[in-house]
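Asker: Sharing a structure below in structure tokens format, with a few things to ask.
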Amino acid sequence: SEILDVAKHPDVADIDADFEDPQLCSLYAADIYDHYRVAELSRRPYPSLMETVQQDITPSMRAILVDWLVEVSEGYKLQANTLYLTVYLIDWFLSKNHIERQRLQLLGITCMLIASKYEEINAPRVEDFCFITENTYTKDEVLKMESLVLKSSAYQLYAPTTKTFLRRFLRAAQASYKRPSIELEYL
Amino acid sequence: MEEIVHLGIPFLTPDQWDVITPAYKDFELIRSEGPRFGDMFKCKLKSTKEVVAMKILTIPEDQKSNGIPYSILNHVSILKTLNHPNILKLHTVLRTDLDVEDVFLVFEYIDVSLKKFLATPFPIDVIKLGKPFLRQALSGLAYLHVQKIIHRNLKPNNILLSFQNHEISKLKLTDFGVAKSIEPPLSPYSINMGNPCYKAPELLLGFTNYSTAVDIWSMGCIFAEMIKLQPLFIGNDGPKILTEIFCLLGTPTEENWPGVASLCSFIQAFDPPIKPKDLAAEFPKLEPDGLDLLSRMLCLCPNSRISAVEALEHPYLRP
């Protein structure tokens, strides 16, 4: 019966009990994460996008693109948030639009341009993103692609990413806040 | 109550005209009083005859070479996530297929802003309207804060009202141009936006680590303005407004706002410290419950300020 009692009244520590620190947004944290979980479900890219929507590209091409974007984000010292949002925008676009392999890298840098504008204080400019493709694409092509991506996502740019939830889980794991956050930047 | 000015074409460029005409006709200007860039136009839908308000976000010429600027990405992506009876509803976003063009936002149409309403010569019994006003405004705000969005620019221009039989039938918060989507743990954010008269003391004192409480302060100022029929704090810059705030509510102390006096030399300049005034004497028409809620919304220390959800449970607003 002791086990039953524990199951009925689990002794869960309230990780939002720290009302003194406004940075943690304790008051609304639980509601905010509820909202994230709903948003995650409604804006999840299709898992079968490669089989159903895409004909010209393969999962390994996407993997190569993402690996390269990781390097780009390190080169330009971008926030981890920017990288996560970039990958989300790519997958969301690929869920709805067929793309040829020659334009996959264009999609990648365009999504990174949008994510940087959204997340970075000093975002790289269009020229910088053309430069890293060794000017495979022109500024005009990137701006046209930006218009397409924004239209396709209907401007719903923000979505919770893995990192959003990792932060919460780390807090729940009672990790001290400073260290895990710093380590997350290197994920 | 509303002033409708016939717009004609001159305010729209030919390109803008080309975007709007296929979908809309009957352009009329409904408001040009405040938004940072772009104006609101009243339009009628050809097909359904529905009246809508259109806001044009113009991309500054010197930013066009870099595509859609952050301000517009942020503004539209926040609007897209919102759906609440007390938030002005975004119907559609119109864009051209041309390169980089303006962004057209199409909203539901609401008669009048609170600013215009308060400026009308014979307003209806405003004290009576205080309760339903605050209940609806705080419902919208509680929704925003749970969605992890801070409005950051609440003022009478940005609250739209509809009336039926001398009662508020609709209240909508609008203008999310400088709103911010936050993610805990919060980082420092800019303190440079918004009208100083409605700015929370922590912003005026330069604290960058603020949160949802800044909107509650603004709403407190707006509620007070409805009761007094004039702005609560008047001034052009931060120091002037802070001085006005302290004259009414007293200078913050280590007891009511831990840490603040030691951090801000501005507060130390008030020697001897100012004692708070009696709010009941300042607002003789407001009932005691209303005074209590107002004083909690205008609490100097952001951590002790009442939240929107708590305020909705306050005796003054309980039905």
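Residue numbers start at 1 in each chain; chains themselves are named A, B, ... in the order of the structure tokens; ligands are numbered from 1 in the order shown.
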What are the closest atom pairs, with distances in Å to one decimal, for all residues of chain B lying within 10 Å of chain A? Consider only C-alpha atoms, order rows by chain and residue number, and present the result as CSV.
Answerer:
residue,atom,partner,partner_atom,distance
B:Lys64,CA,A:Leu143,CA,9.6
B:Ser65,CA,A:Val126,CA,8.1
B:Asn66,CA,A:Val126,CA,5.8
B:Gly67,CA,A:Leu143,CA,5.7
B:Ile68,CA,A:Glu146,CA,8.1
B:Pro69,CA,A:Lys117,CA,7.3
B:Tyr70,CA,A:Lys117,CA,5.4
B:Ser71,CA,A:Tyr118,CA,8.8
B:Ile72,CA,A:Tyr155,CA,9.8
B:Leu73,CA,A:Tyr118,CA,7.1
B:Asn74,CA,A:Tyr118,CA,6.9
B:His75,CA,A:Tyr155,CA,9.6
B:Val76,CA,A:Tyr155,CA,6.4
B:Ser77,CA,A:Gln156,CA,5.0
B:Ile78,CA,A:Gln156,CA,7.8
B:Leu79,CA,A:Gln156,CA,8.9
B:Lys80,CA,A:Gln156,CA,6.1
B:Thr81,CA,A:Gln156,CA,7.2
B:Thr92,CA,A:Ala154,CA,9.3
B:Val93,CA,A:Ala154,CA,8.1
B:Leu94,CA,A:Lys151,CA,9.6
B:Arg95,CA,A:Lys151,CA,8.3
B:Thr96,CA,A:Ser147,CA,9.3
B:Asp97,CA,A:Ser147,CA,8.0
B:Leu98,CA,A:Lys144,CA,8.3
B:Asp99,CA,A:Lys144,CA,6.1
B:Val100,CA,A:Leu143,CA,7.3
B:Glu101,CA,A:Ser147,CA,9.6
B:Ala142,CA,A:Tyr28,CA,9.8
B:His145,CA,A:Tyr28,CA,7.4
B:Val146,CA,A:Ile32,CA,5.5
B:Gln147,CA,A:Ile32,CA,6.0
B:Lys148,CA,A:Ile32,CA,6.0
B:Ile149,CA,A:Ile32,CA,9.7
B:Ser181,CA,A:Tyr158,CA,9.0
B:Ile182,CA,A:Cys25,CA,9.4
B:Glu183,CA,A:Thr164,CA,7.9
B:Pro184,CA,A:Leu24,CA,5.3
B:Pro185,CA,A:Leu24,CA,4.6
B:Leu186,CA,A:Gln23,CA,4.7
B:Ser187,CA,A:Gln23,CA,7.2
B:Pro188,CA,A:Gln23,CA,8.8
B:Asn209,CA,A:Gln23,CA,6.7
B:Tyr210,CA,A:Pro22,CA,7.2
B:Ser211,CA,A:Pro22,CA,6.7
B:Thr212,CA,A:Cys25,CA,8.4
B:Ala213,CA,A:Pro22,CA,9.5
B:Pro302,CA,A:Pro22,CA,8.5
B:Asn303,CA,A:Pro22,CA,6.8
B:Ser304,CA,A:Glu20,CA,9.4
B:Ser307,CA,A:Leu27,CA,8.3
B:Val309,CA,A:Tyr28,CA,9.6
Asker: Which parts of region 141-265 of chain B does DSSP call helix (DSSP H, G or I) when run on the backbone here, written out as a ChimeraX atom specification?
Answerer: /B:141-146,156-158,196-198,201-204,213-228,238-249,260-263,265
Asker: Residues of region 131-300 of chain B classed as strand (DSSP E) by DSSP on the backbone are to be reported as an MDAnalysis selection string.
Answerer: chainID B and resid 149:150 159:164 167:173 180:181
Asker: Near region 95-109 of chain A, counting only C-alpha atoms, which residues have an atom at most 6 Å away, once you skip same-chain residues fewer than 3 positions from it, shown as a PyMOL selection string?
Answerer: chain A and resi 45-46+49+53-54+56-57+92+112
Asker: Taking N, CA and C atoms for each residue, export the selection above as a PDB file, in the first residue's frame.
Answerer:
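Generated file (out.pdb):
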ATOM      1  N   PRO A  45       7.639  18.587 -38.978  1.00  0.00           N
ATOM      2  CA  PRO A  45       7.813  18.206 -40.384  1.00  0.00           C
ATOM      3  C   PRO A  45       7.426  16.737 -40.592  1.00  0.00           C
ATOM      4  N   TYR A  46       6.995  16.386 -41.828  1.00  0.00           N
ATOM      5  CA  TYR A  46       6.561  15.014 -42.075  1.00  0.00           C
ATOM      6  C   TYR A  46       7.747  14.057 -42.024  1.00  0.00           C
ATOM      7  N   LEU A  49       8.895  12.608 -45.454  1.00  0.00           N
ATOM      8  CA  LEU A  49       8.980  13.578 -46.548  1.00  0.00           C
ATOM      9  C   LEU A  49       9.859  13.098 -47.696  1.00  0.00           C
ATOM     10  N   VAL A  53       7.399  13.314 -50.710  1.00  0.00           N
ATOM     11  CA  VAL A  53       7.431  14.612 -51.378  1.00  0.00           C
ATOM     12  C   VAL A  53       8.631  14.740 -52.317  1.00  0.00           C
ATOM     13  N   GLN A  54       9.776  14.230 -51.867  1.00  0.00           N
ATOM     14  CA  GLN A  54      11.010  14.453 -52.618  1.00  0.00           C
ATOM     15  C   GLN A  54      11.276  13.316 -53.612  1.00  0.00           C
ATOM     16  N   ASP A  56      14.162  14.001 -56.061  1.00  0.00           N
ATOM     17  CA  ASP A  56      15.518  14.212 -56.572  1.00  0.00           C
ATOM     18  C   ASP A  56      16.578  14.123 -55.481  1.00  0.00           C
ATOM     19  N   ILE A  57      16.189  14.336 -54.228  1.00  0.00           N
ATOM     20  CA  ILE A  57      17.192  14.330 -53.154  1.00  0.00           C
ATOM     21  C   ILE A  57      17.018  13.102 -52.261  1.00  0.00           C
ATOM     22  N   TRP A  92      10.749  21.722 -42.718  1.00  0.00           N
ATOM     23  CA  TRP A  92       9.370  22.168 -42.927  1.00  0.00           C
ATOM     24  C   TRP A  92       9.132  22.459 -44.409  1.00  0.00           C
ATOM     25  N   MET A 112      19.146  29.499 -43.256  1.00  0.00           N
ATOM     26  CA  MET A 112      20.066  30.007 -42.254  1.00  0.00           C
ATOM     27  C   MET A 112      20.037  31.533 -42.213  1.00  0.00           C
TER      28      MET A 112
END
Asker: Suppose you want the space between CA of Phe165 (chain A) and CA of Asp175 (chain B); what is it in Å?
Answerer: 29.7 Å
Asker: Within 10 Å of Glu50 (chain B), counting only C-alpha atoms, which residues show up once you throw out same-chain ones fewer than 6 positions away? Write them as a list in words, please.
Answerer: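 Within the cut-off, the hits are Tyr24, Cys43, Lys44, Glu108 and Tyr109 of chain B.
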Asker: For Lys77 (chain A), please output as a PyMOL selection string all residues within 12 Å (counting only C-alpha atoms; exclusion window: fewer than 4 positions along the same chain).
Answerer: chain A and resi 69-73+81-83+116+120-124+185-186
Asker: Go ahead and write the selection's residues with all heavy atoms as a CSV table (one decimal), in the first residue's frame.
Answerer:
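What follows is the written file part-v4.csv:
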chain,number,residue,atom,x,y,z
A,69,LEU,N,26.2,22.9,-42.8
A,69,LEU,CA,25.6,24.1,-42.1
A,69,LEU,C,26.1,24.2,-40.7
A,69,LEU,O,26.3,25.3,-40.2
A,69,LEU,CB,24.1,24.0,-42.1
A,69,LEU,CG,23.4,24.3,-43.5
A,69,LEU,CD1,21.9,24.0,-43.4
A,69,LEU,CD2,23.6,25.8,-43.9
A,70,VAL,N,26.4,23.1,-40.0
A,70,VAL,CA,27.0,23.1,-38.7
A,70,VAL,C,28.4,23.8,-38.8
A,70,VAL,O,28.7,24.7,-38.0
A,70,VAL,CB,27.2,21.7,-38.1
A,70,VAL,CG1,28.0,21.7,-36.8
A,70,VAL,CG2,25.9,21.0,-37.9
A,71,GLU,N,29.2,23.5,-39.9
A,71,GLU,CA,30.5,24.2,-40.0
A,71,GLU,C,30.3,25.6,-40.3
A,71,GLU,O,31.0,26.5,-39.8
A,71,GLU,CB,31.2,23.5,-41.2
A,71,GLU,CG,31.9,22.2,-40.9
A,71,GLU,CD,32.5,21.6,-42.1
A,71,GLU,OE1,33.0,22.3,-43.0
A,71,GLU,OE2,32.4,20.3,-42.2
A,72,VAL,N,29.3,26.0,-41.2
A,72,VAL,CA,29.0,27.4,-41.5
A,72,VAL,C,28.7,28.1,-40.2
A,72,VAL,O,29.2,29.2,-39.9
A,72,VAL,CB,27.9,27.5,-42.5
A,72,VAL,CG1,27.5,29.0,-42.7
A,72,VAL,CG2,28.3,26.9,-43.8
A,73,SER,N,27.8,27.5,-39.3
A,73,SER,CA,27.4,28.2,-38.1
A,73,SER,C,28.6,28.4,-37.2
A,73,SER,O,28.7,29.4,-36.5
A,73,SER,CB,26.3,27.5,-37.4
A,73,SER,OG,26.8,26.4,-36.7
A,81,ASN,N,20.8,28.2,-31.2
A,81,ASN,CA,19.4,28.4,-31.6
A,81,ASN,C,19.2,28.6,-33.1
A,81,ASN,O,18.3,28.1,-33.7
A,81,ASN,CB,18.8,29.6,-30.9
A,81,ASN,CG,18.4,29.3,-29.5
A,81,ASN,OD1,18.5,28.2,-29.0
A,81,ASN,ND2,18.1,30.4,-28.7
A,82,THR,N,20.1,29.4,-33.7
A,82,THR,CA,20.0,29.7,-35.1
A,82,THR,C,20.2,28.4,-35.9
A,82,THR,O,19.4,28.2,-36.9
A,82,THR,CB,21.2,30.6,-35.5
A,82,THR,OG1,21.1,31.7,-34.6
A,82,THR,CG2,21.0,31.1,-36.9
A,83,LEU,N,21.1,27.5,-35.5
A,83,LEU,CA,21.3,26.3,-36.3
A,83,LEU,C,20.1,25.4,-36.2
A,83,LEU,O,19.6,24.8,-37.2
A,83,LEU,CB,22.5,25.6,-35.7
A,83,LEU,CG,22.9,24.2,-36.4
A,83,LEU,CD1,23.3,24.5,-37.8
A,83,LEU,CD2,24.1,23.6,-35.6
A,116,SER,N,19.0,33.4,-38.9
A,116,SER,CA,20.0,34.4,-38.3
A,116,SER,C,19.3,35.7,-38.0
A,116,SER,O,19.5,36.3,-37.0
A,116,SER,CB,21.2,34.6,-39.2
A,116,SER,OG,21.7,33.5,-39.7
A,120,GLU,N,19.9,36.2,-34.3
A,120,GLU,CA,21.2,36.8,-34.0
A,120,GLU,C,21.1,38.3,-33.8
A,120,GLU,O,20.2,38.9,-34.4
A,120,GLU,CB,22.2,36.6,-35.2
A,120,GLU,CG,22.5,35.1,-35.5
A,120,GLU,CD,23.3,34.4,-34.5
A,120,GLU,OE1,24.2,35.1,-33.9
A,120,GLU,OE2,23.2,33.2,-34.3
A,121,ILE,N,22.0,38.8,-33.0
A,121,ILE,CA,22.1,40.3,-32.8
A,121,ILE,C,22.8,40.9,-34.0
A,121,ILE,O,22.3,41.9,-34.6
A,121,ILE,CB,22.8,40.7,-31.5
A,121,ILE,CG1,21.9,40.2,-30.3
A,121,ILE,CG2,23.0,42.2,-31.4
A,121,ILE,CD1,22.6,40.2,-29.0
A,122,ASN,N,23.9,40.3,-34.4
A,122,ASN,CA,24.6,40.8,-35.6
A,122,ASN,C,24.6,39.7,-36.7
A,122,ASN,O,25.5,38.9,-36.8
A,122,ASN,CB,26.0,41.2,-35.3
A,122,ASN,CG,26.1,42.4,-34.5
A,122,ASN,OD1,25.4,43.4,-34.8
A,122,ASN,ND2,26.9,42.4,-33.4
A,123,ALA,N,23.5,39.6,-37.4
A,123,ALA,CA,23.3,38.5,-38.4
A,123,ALA,C,24.2,38.7,-39.6
A,123,ALA,O,24.4,39.9,-40.0
A,123,ALA,CB,21.8,38.4,-38.8
A,124,PRO,N,24.8,37.6,-40.1
A,124,PRO,CA,25.5,37.8,-41.4
A,124,PRO,C,24.5,38.2,-42.5
A,124,PRO,O,23.3,38.1,-42.3
A,124,PRO,CB,26.0,36.3,-41.7
A,124,PRO,CG,25.8,35.6,-40.4
A,124,PRO,CD,24.8,36.2,-39.6
A,185,GLU,N,25.7,25.2,-25.5
A,185,GLU,CA,26.1,26.0,-26.6
A,185,GLU,C,27.0,25.3,-27.5
A,185,GLU,O,27.2,25.6,-28.6
A,185,GLU,CB,26.8,27.3,-26.1
A,185,GLU,CG,26.0,28.2,-25.1
A,185,GLU,CD,24.7,28.6,-25.8
A,185,GLU,OE1,24.7,29.0,-26.9
A,185,GLU,OE2,23.7,28.7,-25.0
A,186,TYR,N,27.6,24.2,-27.0
A,186,TYR,CA,28.6,23.4,-27.8
A,186,TYR,C,27.9,22.2,-28.5
A,186,TYR,O,28.6,21.4,-29.1
A,186,TYR,CB,29.8,23.0,-27.0
A,186,TYR,CG,30.6,24.2,-26.6
A,186,TYR,CD1,30.4,24.7,-25.3
A,186,TYR,CD2,31.5,24.9,-27.4
A,186,TYR,CE1,31.1,25.9,-24.8
A,186,TYR,CE2,32.1,26.0,-27.0
A,186,TYR,CZ,32.0,26.5,-25.7
A,186,TYR,OH,32.6,27.6,-25.3
Asker: Just to confirm, what's the straight-line distance from CA of Leu94 (chain A) to CA of Asn83 (chain B) in Å (one decimal)?
Answerer: 26.8 Å
Asker: Report the distance between CA of Pro85 (chain B) and CA of Lys172 (chain B) in Å, rounded to one decimal place.
Answerer: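 The value is 7.3 Å.
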Asker: Kindly indicate which residue among B:Gly130, B:Pro284, B:Gly220, B:Pro121 lies nearest to Leu232 (chain B), using only C-alpha atoms for the distances.
Answerer: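 Ranking B:Gly130, B:Pro284, B:Gly220, B:Pro121 by distance to Leu232 (chain B), first place goes to B:Gly220.
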Asker: At a cut-off of 12 Å, using only C-alpha atoms, what residues contact Lys131 (chain B)? Leave out same-chain residues fewer than 3 positions from it and give the result as an MDAnalysis selection string.
Answerer: chainID B and resid 125:128 134:138 167:168 223:224 226:227 286:287 289:291 293:294 311:312 314:319
